[in-house]
$ cat run14.cif   # mmCIF, N, CA and C atoms
data_coords
loop_
_atom_site.label_atom_id
_atom_site.label_comp_id
_atom_site.auth_asym_id
_atom_site.auth_seq_id
_atom_site.Cartn_x
_atom_site.Cartn_y
_atom_site.Cartn_z
N MET A 1 68.43 117.00 97.09
CA MET A 1 69.50 117.93 97.36
C MET A 1 70.81 117.27 96.96
N ARG A 2 71.70 118.05 96.42
CA ARG A 2 72.98 117.58 95.94
C ARG A 2 73.89 117.19 97.10
N VAL A 3 74.59 116.07 96.96
CA VAL A 3 75.55 115.60 97.96
C VAL A 3 76.91 115.51 97.27
N ILE A 4 77.92 116.17 97.84
CA ILE A 4 79.24 116.25 97.23
C ILE A 4 80.25 115.51 98.11
N PRO A 5 80.89 114.44 97.61
CA PRO A 5 81.93 113.76 98.39
C PRO A 5 83.11 114.70 98.63
N VAL A 6 83.69 114.63 99.83
CA VAL A 6 84.82 115.49 100.19
C VAL A 6 86.06 114.62 100.39
N ASP A 7 87.12 114.93 99.66
CA ASP A 7 88.38 114.20 99.77
C ASP A 7 89.24 114.87 100.83
N THR A 8 89.54 114.16 101.90
CA THR A 8 90.36 114.71 102.98
C THR A 8 91.78 114.13 102.99
N SER A 9 92.15 113.40 101.95
CA SER A 9 93.44 112.70 101.95
C SER A 9 94.64 113.65 102.03
N ALA A 10 94.51 114.88 101.57
CA ALA A 10 95.63 115.84 101.62
C ALA A 10 95.42 116.89 102.71
N ALA A 11 94.48 116.64 103.63
CA ALA A 11 94.16 117.61 104.67
C ALA A 11 94.54 117.09 106.05
N THR A 12 94.72 118.02 106.96
CA THR A 12 94.89 117.69 108.37
C THR A 12 93.62 118.13 109.08
N LEU A 13 93.02 117.25 109.87
CA LEU A 13 91.79 117.54 110.60
C LEU A 13 92.07 117.42 112.09
N LEU A 14 91.73 118.48 112.85
CA LEU A 14 91.96 118.49 114.29
C LEU A 14 90.67 118.84 115.01
N VAL A 15 90.37 118.13 116.09
CA VAL A 15 89.16 118.38 116.88
C VAL A 15 89.30 119.69 117.63
N THR A 16 88.29 120.57 117.50
CA THR A 16 88.28 121.82 118.26
C THR A 16 87.12 121.87 119.25
N LYS A 17 86.12 120.98 119.08
CA LYS A 17 85.03 120.86 120.04
C LYS A 17 84.53 119.42 119.99
N LEU A 18 84.49 118.77 121.15
CA LEU A 18 84.10 117.37 121.22
C LEU A 18 82.64 117.18 120.81
N PRO A 19 82.27 115.97 120.36
CA PRO A 19 80.91 115.72 119.90
C PRO A 19 79.86 115.99 120.99
N GLU A 20 78.77 116.58 120.55
CA GLU A 20 77.60 116.83 121.40
C GLU A 20 76.37 116.37 120.63
N VAL A 21 75.32 116.05 121.35
CA VAL A 21 74.06 115.66 120.72
C VAL A 21 73.56 116.81 119.87
N LYS A 22 73.15 116.50 118.63
CA LYS A 22 72.63 117.52 117.73
C LYS A 22 71.15 117.76 118.05
N VAL A 23 70.79 119.01 118.24
CA VAL A 23 69.41 119.38 118.55
C VAL A 23 68.73 119.81 117.26
N LYS A 24 67.59 119.19 116.97
CA LYS A 24 66.83 119.50 115.76
C LYS A 24 66.01 120.76 115.93
N ASP A 25 65.40 120.91 117.09
CA ASP A 25 64.54 122.06 117.38
C ASP A 25 64.94 122.67 118.72
N ARG A 26 65.54 123.85 118.69
CA ARG A 26 66.02 124.48 119.93
C ARG A 26 64.89 124.86 120.87
N GLN A 27 63.72 125.16 120.35
CA GLN A 27 62.60 125.55 121.20
C GLN A 27 62.06 124.37 122.00
N THR A 28 61.99 123.19 121.37
CA THR A 28 61.43 122.02 122.06
C THR A 28 62.51 121.11 122.65
N GLY A 29 63.75 121.28 122.20
CA GLY A 29 64.84 120.42 122.65
C GLY A 29 64.86 119.08 121.93
N GLU A 30 64.08 118.95 120.85
CA GLU A 30 64.04 117.69 120.10
C GLU A 30 65.42 117.36 119.53
N VAL A 31 65.85 116.13 119.73
CA VAL A 31 67.15 115.66 119.28
C VAL A 31 67.04 115.17 117.84
N ALA A 32 68.05 115.47 117.03
CA ALA A 32 68.08 115.02 115.63
C ALA A 32 68.47 113.54 115.58
N VAL A 33 67.72 112.76 114.81
CA VAL A 33 67.99 111.34 114.65
C VAL A 33 67.99 110.95 113.18
N ASP A 34 68.70 109.90 112.88
CA ASP A 34 68.73 109.36 111.52
C ASP A 34 67.36 108.74 111.25
N PRO A 35 66.67 109.14 110.17
CA PRO A 35 65.33 108.62 109.90
C PRO A 35 65.31 107.13 109.56
N VAL A 36 66.43 106.57 109.14
CA VAL A 36 66.49 105.16 108.77
C VAL A 36 66.84 104.29 109.98
N THR A 37 67.90 104.65 110.72
CA THR A 37 68.39 103.82 111.81
C THR A 37 67.89 104.25 113.19
N ASN A 38 67.37 105.46 113.27
CA ASN A 38 66.91 106.05 114.52
C ASN A 38 68.06 106.34 115.50
N ASP A 39 69.31 106.32 115.02
CA ASP A 39 70.47 106.68 115.84
C ASP A 39 70.50 108.19 116.03
N ARG A 40 70.91 108.60 117.22
CA ARG A 40 71.05 110.04 117.47
C ARG A 40 72.21 110.59 116.66
N PHE A 41 72.07 111.82 116.20
CA PHE A 41 73.17 112.50 115.53
C PHE A 41 73.97 113.30 116.55
N MET A 42 75.27 113.32 116.32
CA MET A 42 76.18 114.10 117.12
C MET A 42 76.83 115.12 116.20
N VAL A 43 77.28 116.23 116.77
CA VAL A 43 77.97 117.23 115.98
C VAL A 43 79.28 117.58 116.68
N LEU A 44 80.35 117.65 115.89
CA LEU A 44 81.64 118.05 116.43
C LEU A 44 82.21 119.15 115.55
N GLU A 45 83.09 119.93 116.13
CA GLU A 45 83.74 120.99 115.38
C GLU A 45 85.19 120.63 115.18
N LEU A 46 85.71 120.99 114.01
CA LEU A 46 87.11 120.72 113.72
C LEU A 46 87.70 121.79 112.84
N VAL A 47 89.01 121.82 112.82
CA VAL A 47 89.70 122.70 111.89
C VAL A 47 90.18 121.81 110.74
N PHE A 48 89.91 122.28 109.53
CA PHE A 48 90.24 121.58 108.29
C PHE A 48 91.39 122.36 107.67
N ILE A 49 92.59 121.78 107.68
CA ILE A 49 93.78 122.46 107.19
C ILE A 49 94.22 121.81 105.88
N ALA A 50 94.27 122.62 104.81
CA ALA A 50 94.69 122.11 103.50
C ALA A 50 95.10 123.26 102.61
N GLU A 51 96.05 122.99 101.74
CA GLU A 51 96.50 123.94 100.73
C GLU A 51 96.84 125.30 101.31
N GLY A 52 97.54 125.31 102.44
CA GLY A 52 98.03 126.55 103.03
C GLY A 52 96.99 127.38 103.76
N GLY A 53 95.79 126.85 103.96
CA GLY A 53 94.75 127.60 104.66
C GLY A 53 93.99 126.68 105.61
N SER A 54 93.10 127.27 106.37
CA SER A 54 92.30 126.47 107.29
C SER A 54 90.89 127.03 107.41
N ASP A 55 89.97 126.15 107.74
CA ASP A 55 88.57 126.52 107.96
C ASP A 55 88.06 125.76 109.16
N MET A 56 87.17 126.39 109.92
CA MET A 56 86.48 125.71 111.01
C MET A 56 85.18 125.18 110.43
N ILE A 57 84.89 123.91 110.66
CA ILE A 57 83.64 123.33 110.18
C ILE A 57 82.99 122.49 111.27
N LYS A 58 81.69 122.33 111.16
CA LYS A 58 80.94 121.42 112.02
C LYS A 58 80.56 120.22 111.17
N VAL A 59 80.69 119.04 111.77
CA VAL A 59 80.39 117.80 111.05
C VAL A 59 79.40 116.99 111.88
N THR A 60 78.34 116.52 111.24
CA THR A 60 77.35 115.66 111.88
C THR A 60 77.73 114.21 111.63
N VAL A 61 77.69 113.42 112.71
CA VAL A 61 78.06 112.00 112.65
C VAL A 61 77.06 111.21 113.48
N PRO A 62 76.62 110.03 113.01
CA PRO A 62 75.75 109.21 113.86
C PRO A 62 76.50 108.83 115.15
N GLU A 63 75.77 108.73 116.24
CA GLU A 63 76.40 108.44 117.53
C GLU A 63 77.25 107.17 117.49
N LYS A 64 76.79 106.15 116.78
CA LYS A 64 77.55 104.89 116.68
C LYS A 64 78.85 105.06 115.88
N GLY A 65 78.99 106.17 115.14
CA GLY A 65 80.18 106.40 114.33
C GLY A 65 81.26 107.20 115.05
N ILE A 66 81.04 107.52 116.32
CA ILE A 66 82.02 108.29 117.08
C ILE A 66 83.07 107.32 117.64
N GLY A 67 84.30 107.46 117.19
CA GLY A 67 85.38 106.59 117.66
C GLY A 67 85.81 106.94 119.07
N GLU A 68 86.50 106.03 119.70
CA GLU A 68 86.99 106.24 121.06
C GLU A 68 88.27 107.05 121.06
N GLY A 69 88.51 107.76 122.17
CA GLY A 69 89.76 108.47 122.36
C GLY A 69 89.81 109.87 121.81
N LEU A 70 88.68 110.42 121.38
CA LEU A 70 88.68 111.79 120.88
C LEU A 70 88.97 112.76 122.02
N VAL A 71 89.92 113.64 121.82
CA VAL A 71 90.22 114.71 122.77
C VAL A 71 90.48 115.98 121.97
N MET A 72 90.38 117.10 122.65
CA MET A 72 90.62 118.38 121.99
C MET A 72 92.01 118.39 121.35
N GLY A 73 92.07 118.81 120.11
CA GLY A 73 93.33 118.91 119.40
C GLY A 73 93.81 117.62 118.76
N SER A 74 93.09 116.53 118.98
CA SER A 74 93.55 115.26 118.40
C SER A 74 93.34 115.25 116.89
N PRO A 75 94.33 114.70 116.16
CA PRO A 75 94.16 114.54 114.72
C PRO A 75 93.15 113.42 114.48
N ILE A 76 92.29 113.63 113.51
CA ILE A 76 91.23 112.65 113.22
C ILE A 76 91.15 112.40 111.73
N PHE A 77 90.40 111.36 111.39
CA PHE A 77 89.99 111.19 109.99
C PHE A 77 88.52 110.85 109.98
N LEU A 78 87.89 111.21 108.88
CA LEU A 78 86.45 111.04 108.71
C LEU A 78 86.19 110.04 107.60
N SER A 79 85.27 109.14 107.85
CA SER A 79 84.86 108.17 106.84
C SER A 79 83.57 108.66 106.19
N GLY A 80 83.54 108.67 104.88
CA GLY A 80 82.32 109.02 104.15
C GLY A 80 81.90 110.47 104.28
N LEU A 81 82.85 111.39 104.35
CA LEU A 81 82.51 112.81 104.49
C LEU A 81 81.88 113.35 103.20
N VAL A 82 80.73 114.01 103.35
CA VAL A 82 80.05 114.66 102.23
C VAL A 82 79.65 116.07 102.63
N ALA A 83 79.49 116.91 101.64
CA ALA A 83 79.03 118.28 101.84
C ALA A 83 77.68 118.43 101.14
N ARG A 84 76.76 119.13 101.83
CA ARG A 84 75.43 119.37 101.25
C ARG A 84 75.13 120.87 101.30
N PRO A 85 75.11 121.53 100.14
CA PRO A 85 74.72 122.94 100.14
C PRO A 85 73.25 123.07 100.57
N TRP A 86 72.94 124.12 101.33
CA TRP A 86 71.55 124.33 101.77
C TRP A 86 71.22 125.81 101.71
N GLU A 87 69.93 126.08 101.65
CA GLU A 87 69.45 127.47 101.74
C GLU A 87 68.05 127.44 102.33
N SER A 88 67.73 128.48 103.05
CA SER A 88 66.41 128.59 103.66
C SER A 88 66.09 130.05 103.89
N GLU A 89 64.83 130.29 104.21
CA GLU A 89 64.40 131.64 104.55
C GLU A 89 63.79 131.60 105.93
N PHE A 90 64.22 132.51 106.79
CA PHE A 90 63.71 132.57 108.16
C PHE A 90 63.53 134.03 108.53
N GLY A 91 62.33 134.37 108.91
CA GLY A 91 62.06 135.76 109.29
C GLY A 91 62.28 136.74 108.16
N GLY A 92 62.03 136.29 106.93
CA GLY A 92 62.19 137.17 105.78
C GLY A 92 63.63 137.32 105.30
N ARG A 93 64.54 136.59 105.90
CA ARG A 93 65.95 136.68 105.50
C ARG A 93 66.41 135.36 104.90
N ALA A 94 67.04 135.45 103.76
CA ALA A 94 67.58 134.26 103.10
C ALA A 94 68.90 133.88 103.76
N ARG A 95 69.07 132.59 104.01
CA ARG A 95 70.30 132.07 104.58
C ARG A 95 70.78 130.91 103.72
N HIS A 96 72.08 130.68 103.72
CA HIS A 96 72.62 129.56 102.97
C HIS A 96 73.94 129.12 103.60
N GLY A 97 74.37 127.91 103.25
CA GLY A 97 75.62 127.40 103.79
C GLY A 97 75.89 126.01 103.27
N ILE A 98 76.82 125.35 103.95
CA ILE A 98 77.18 123.98 103.60
C ILE A 98 77.11 123.15 104.87
N ALA A 99 76.38 122.05 104.81
CA ALA A 99 76.30 121.12 105.94
C ALA A 99 77.22 119.94 105.63
N TYR A 100 78.00 119.53 106.62
CA TYR A 100 78.92 118.41 106.46
C TYR A 100 78.42 117.22 107.27
N ARG A 101 78.52 116.04 106.67
CA ARG A 101 78.10 114.82 107.35
C ARG A 101 79.10 113.72 107.04
N ALA A 102 79.40 112.90 108.06
CA ALA A 102 80.32 111.77 107.88
C ALA A 102 79.69 110.53 108.50
N ASP A 103 80.13 109.37 108.03
CA ASP A 103 79.66 108.10 108.58
C ASP A 103 80.32 107.82 109.92
N ALA A 104 81.60 108.23 110.04
CA ALA A 104 82.35 107.95 111.26
C ALA A 104 83.50 108.93 111.40
N VAL A 105 83.93 109.12 112.67
CA VAL A 105 85.10 109.93 112.99
C VAL A 105 85.99 109.09 113.90
N MET A 106 87.29 109.03 113.55
CA MET A 106 88.23 108.21 114.31
C MET A 106 89.51 108.98 114.58
N VAL A 107 90.14 108.68 115.70
CA VAL A 107 91.40 109.31 116.07
C VAL A 107 92.51 108.76 115.20
N GLY A 108 93.43 109.64 114.81
CA GLY A 108 94.60 109.21 114.02
C GLY A 108 94.47 109.63 112.58
N THR A 109 95.25 109.00 111.75
CA THR A 109 95.22 109.25 110.32
C THR A 109 94.96 107.94 109.61
N PRO A 110 94.29 107.98 108.46
CA PRO A 110 94.00 106.73 107.77
C PRO A 110 95.27 106.06 107.25
N ALA A 111 95.24 104.75 107.20
CA ALA A 111 96.38 104.01 106.66
C ALA A 111 96.49 104.29 105.17
N VAL A 112 97.70 104.46 104.70
CA VAL A 112 97.94 104.72 103.29
C VAL A 112 98.02 103.38 102.56
N ALA A 113 97.27 103.28 101.47
CA ALA A 113 97.30 102.05 100.67
C ALA A 113 98.64 101.95 99.96
N ARG A 114 99.25 100.80 100.02
CA ARG A 114 100.54 100.59 99.35
C ARG A 114 100.37 99.57 98.25
N GLY A 115 100.97 99.87 97.13
CA GLY A 115 100.76 98.99 96.00
C GLY A 115 101.97 98.33 95.48
#
$ encode --input "run14.cif" --output "structure tokens"
Amino acid sequence: MRVIPVDTSAATLLVTKLPEVKVKDRQTGEVAVDPVTNDRFMVLELVFIAEGGSDMIKVTVPEKGIGEGLVMGSPIFLSGLVARPWESEFGGRARHGIAYRADAVMVGTPAVARG
């Protein structure tokens, strides 16, 4: 599946829902984990503001990548954010979307490199 790096350097990101454990299977309650590290995945919601518009997105982050001090409305930055287009069929209906994943989420804004 294609993985697309996302540049957030010109965007403002604000937390709209604090991280919660990501559930892989709602019927069984199975928690989603990284197949390599076995770390639990967390999901948080944020507003992505850029180029005069905004979008609400959900981002999956490994539990160890959740920075301290996250509160509702706090500005954040994401390390290693990628987008993965997906599609599936469930109950005879085709569905599609974009899944977002980051290595880490931290409060504040990234330091600007000076040259």
$ residues_near_point --input "run14.cif" --point "(88.3, 121.0, 113.6)" --cutoff "8 Å" --atoms "only C-alpha atoms" --output "ChimeraX atom specification"
/A:13-17,44-48,55-58,73
$ select_by_dssp --input "run14.cif" --residues "stretch 25-108 of chain A" --states "strand (DSSP E)" --output "NGL selection string"
:A and (25 or 30-31 or 41-50 or 53-62 or 75-79 or 82-90 or 93-101 or 104-107)
$ write_last_selection --input "run14.cif" --atoms "N, CA and C atoms" --output "compact mmCIF listing (two decimals), keeping the file's coordinate frame"
# COMPACT_ATOMS: atom_id res chain seq x y z
N ASP A 25 65.40 120.91 117.09
CA ASP A 25 64.54 122.06 117.38
C ASP A 25 64.94 122.67 118.72
N GLU A 30 64.08 118.95 120.85
CA GLU A 30 64.04 117.69 120.10
C GLU A 30 65.42 117.36 119.53
N VAL A 31 65.85 116.13 119.73
CA VAL A 31 67.15 115.66 119.28
C VAL A 31 67.04 115.17 117.84
N PHE A 41 72.07 111.82 116.20
CA PHE A 41 73.17 112.50 115.53
C PHE A 41 73.97 113.30 116.55
N MET A 42 75.27 113.32 116.32
CA MET A 42 76.18 114.10 117.12
C MET A 42 76.83 115.12 116.20
N VAL A 43 77.28 116.23 116.77
CA VAL A 43 77.97 117.23 115.98
C VAL A 43 79.28 117.58 116.68
N LEU A 44 80.35 117.65 115.89
CA LEU A 44 81.64 118.05 116.43
C LEU A 44 82.21 119.15 115.55
N GLU A 45 83.09 119.93 116.13
CA GLU A 45 83.74 120.99 115.38
C GLU A 45 85.19 120.63 115.18
N LEU A 46 85.71 120.99 114.01
CA LEU A 46 87.11 120.72 113.72
C LEU A 46 87.70 121.79 112.84
N VAL A 47 89.01 121.82 112.82
CA VAL A 47 89.70 122.70 111.89
C VAL A 47 90.18 121.81 110.74
N PHE A 48 89.91 122.28 109.53
CA PHE A 48 90.24 121.58 108.29
C PHE A 48 91.39 122.36 107.67
N ILE A 49 92.59 121.78 107.68
CA ILE A 49 93.78 122.46 107.19
C ILE A 49 94.22 121.81 105.88
N ALA A 50 94.27 122.62 104.81
CA ALA A 50 94.69 122.11 103.50
C ALA A 50 95.10 123.26 102.61
N GLY A 53 95.79 126.85 103.96
CA GLY A 53 94.75 127.60 104.66
C GLY A 53 93.99 126.68 105.61
N SER A 54 93.10 127.27 106.37
CA SER A 54 92.30 126.47 107.29
C SER A 54 90.89 127.03 107.41
N ASP A 55 89.97 126.15 107.74
CA ASP A 55 88.57 126.52 107.96
C ASP A 55 88.06 125.76 109.16
N MET A 56 87.17 126.39 109.92
CA MET A 56 86.48 125.71 111.01
C MET A 56 85.18 125.18 110.43
N ILE A 57 84.89 123.91 110.66
CA ILE A 57 83.64 123.33 110.18
C ILE A 57 82.99 122.49 111.27
N LYS A 58 81.69 122.33 111.16
CA LYS A 58 80.94 121.42 112.02
C LYS A 58 80.56 120.22 111.17
N VAL A 59 80.69 119.04 111.77
CA VAL A 59 80.39 117.80 111.05
C VAL A 59 79.40 116.99 111.88
N THR A 60 78.34 116.52 111.24
CA THR A 60 77.35 115.66 111.88
C THR A 60 77.73 114.21 111.63
N VAL A 61 77.69 113.42 112.71
CA VAL A 61 78.06 112.00 112.65
C VAL A 61 77.06 111.21 113.48
N PRO A 62 76.62 110.03 113.01
CA PRO A 62 75.75 109.21 113.86
C PRO A 62 76.50 108.83 115.15
N PRO A 75 94.33 114.70 116.16
CA PRO A 75 94.16 114.54 114.72
C PRO A 75 93.15 113.42 114.48
N ILE A 76 92.29 113.63 113.51
CA ILE A 76 91.23 112.65 113.22
C ILE A 76 91.15 112.40 111.73
N PHE A 77 90.40 111.36 111.39
CA PHE A 77 89.99 111.19 109.99
C PHE A 77 88.52 110.85 109.98
N LEU A 78 87.89 111.21 108.88
CA LEU A 78 86.45 111.04 108.71
C LEU A 78 86.19 110.04 107.60
N SER A 79 85.27 109.14 107.85
CA SER A 79 84.86 108.17 106.84
C SER A 79 83.57 108.66 106.19
N VAL A 82 80.73 114.01 103.35
CA VAL A 82 80.05 114.66 102.23
C VAL A 82 79.65 116.07 102.63
N ALA A 83 79.49 116.91 101.64
CA ALA A 83 79.03 118.28 101.84
C ALA A 83 77.68 118.43 101.14
N ARG A 84 76.76 119.13 101.83
CA ARG A 84 75.43 119.37 101.25
C ARG A 84 75.13 120.87 101.30
N PRO A 85 75.11 121.53 100.14
CA PRO A 85 74.72 122.94 100.14
C PRO A 85 73.25 123.07 100.57
N TRP A 86 72.94 124.12 101.33
CA TRP A 86 71.55 124.33 101.77
C TRP A 86 71.22 125.81 101.71
N GLU A 87 69.93 126.08 101.65
CA GLU A 87 69.45 127.47 101.74
C GLU A 87 68.05 127.44 102.33
N SER A 88 67.73 128.48 103.05
CA SER A 88 66.41 128.59 103.66
C SER A 88 66.09 130.05 103.89
N GLU A 89 64.83 130.29 104.21
CA GLU A 89 64.40 131.64 104.55
C GLU A 89 63.79 131.60 105.93
N PHE A 90 64.22 132.51 106.79
CA PHE A 90 63.71 132.57 108.16
C PHE A 90 63.53 134.03 108.53
N ARG A 93 64.54 136.59 105.90
CA ARG A 93 65.95 136.68 105.50
C ARG A 93 66.41 135.36 104.90
N ALA A 94 67.04 135.45 103.76
CA ALA A 94 67.58 134.26 103.10
C ALA A 94 68.90 133.88 103.76
N ARG A 95 69.07 132.59 104.01
CA ARG A 95 70.30 132.07 104.58
C ARG A 95 70.78 130.91 103.72
N HIS A 96 72.08 130.68 103.72
CA HIS A 96 72.62 129.56 102.97
C HIS A 96 73.94 129.12 103.60
N GLY A 97 74.37 127.91 103.25
CA GLY A 97 75.62 127.40 103.79
C GLY A 97 75.89 126.01 103.27
N ILE A 98 76.82 125.35 103.95
CA ILE A 98 77.18 123.98 103.60
C ILE A 98 77.11 123.15 104.87
N ALA A 99 76.38 122.05 104.81
CA ALA A 99 76.30 121.12 105.94
C ALA A 99 77.22 119.94 105.63
N TYR A 100 78.00 119.53 106.62
CA TYR A 100 78.92 118.41 106.46
C TYR A 100 78.42 117.22 107.27
N ARG A 101 78.52 116.04 106.67
CA ARG A 101 78.10 114.82 107.35
C ARG A 101 79.10 113.72 107.04
N ALA A 104 81.60 108.23 110.04
CA ALA A 104 82.35 107.95 111.26
C ALA A 104 83.50 108.93 111.40
N VAL A 105 83.93 109.12 112.67
CA VAL A 105 85.10 109.93 112.99
C VAL A 105 85.99 109.09 113.90
N MET A 106 87.29 109.03 113.55
CA MET A 106 88.23 108.21 114.31
C MET A 106 89.51 108.98 114.58
N VAL A 107 90.14 108.68 115.70
CA VAL A 107 91.40 109.31 116.07
C VAL A 107 92.51 108.76 115.20
$ closest_residue --input "run14.cif" --among "A:Gly65, A:Arg93, A:Val105, A:Thr60" --to "A:Leu78" --atoms "all atoms listed in the file"
A:Val105
$ residues_around --input "run14.cif" --residues "stretch 79-81 of chain A" --least-positions-apart "2" --cutoff "8 Å" --atoms "all atoms listed in the file" --output "list in words"
Ile4, Pro5, Val6, Asp7, Thr8, Ile76, Phe77, Ala83, Arg84, Tyr100, Arg101, Ala102, Asp103, Ala104, Val105 and Met106 of chain A
$ atom_distance --input "run14.cif" --atom1 "atom CA of A:Phe90" --atom2 "atom N of A:Glu20"
25.2 Å
$ atom_distance --input "run14.cif" --atom1 "atom CA of A:Arg40" --atom2 "atom CA of A:Val3"
20.8 Å
$ residues_around --input "run14.cif" --residues "A:Leu70" --least-positions-apart "3" --cutoff "6.5 Å" --atoms "only N, CA and C atoms" --output "list in words"
Gly67, Ser74 and Val107 of chain A
$ atom_distance --input "run14.cif" --atom1 "atom N of A:Val43" --atom2 "atom N of A:Arg2"
21.2 Å
$ residues_around --input "run14.cif" --residues "A:Lys22" --least-positions-apart "5" --cutoff "7 Å" --atoms "only C-alpha atoms" --output "number ranges by chain"
A: 31-32, 41-43
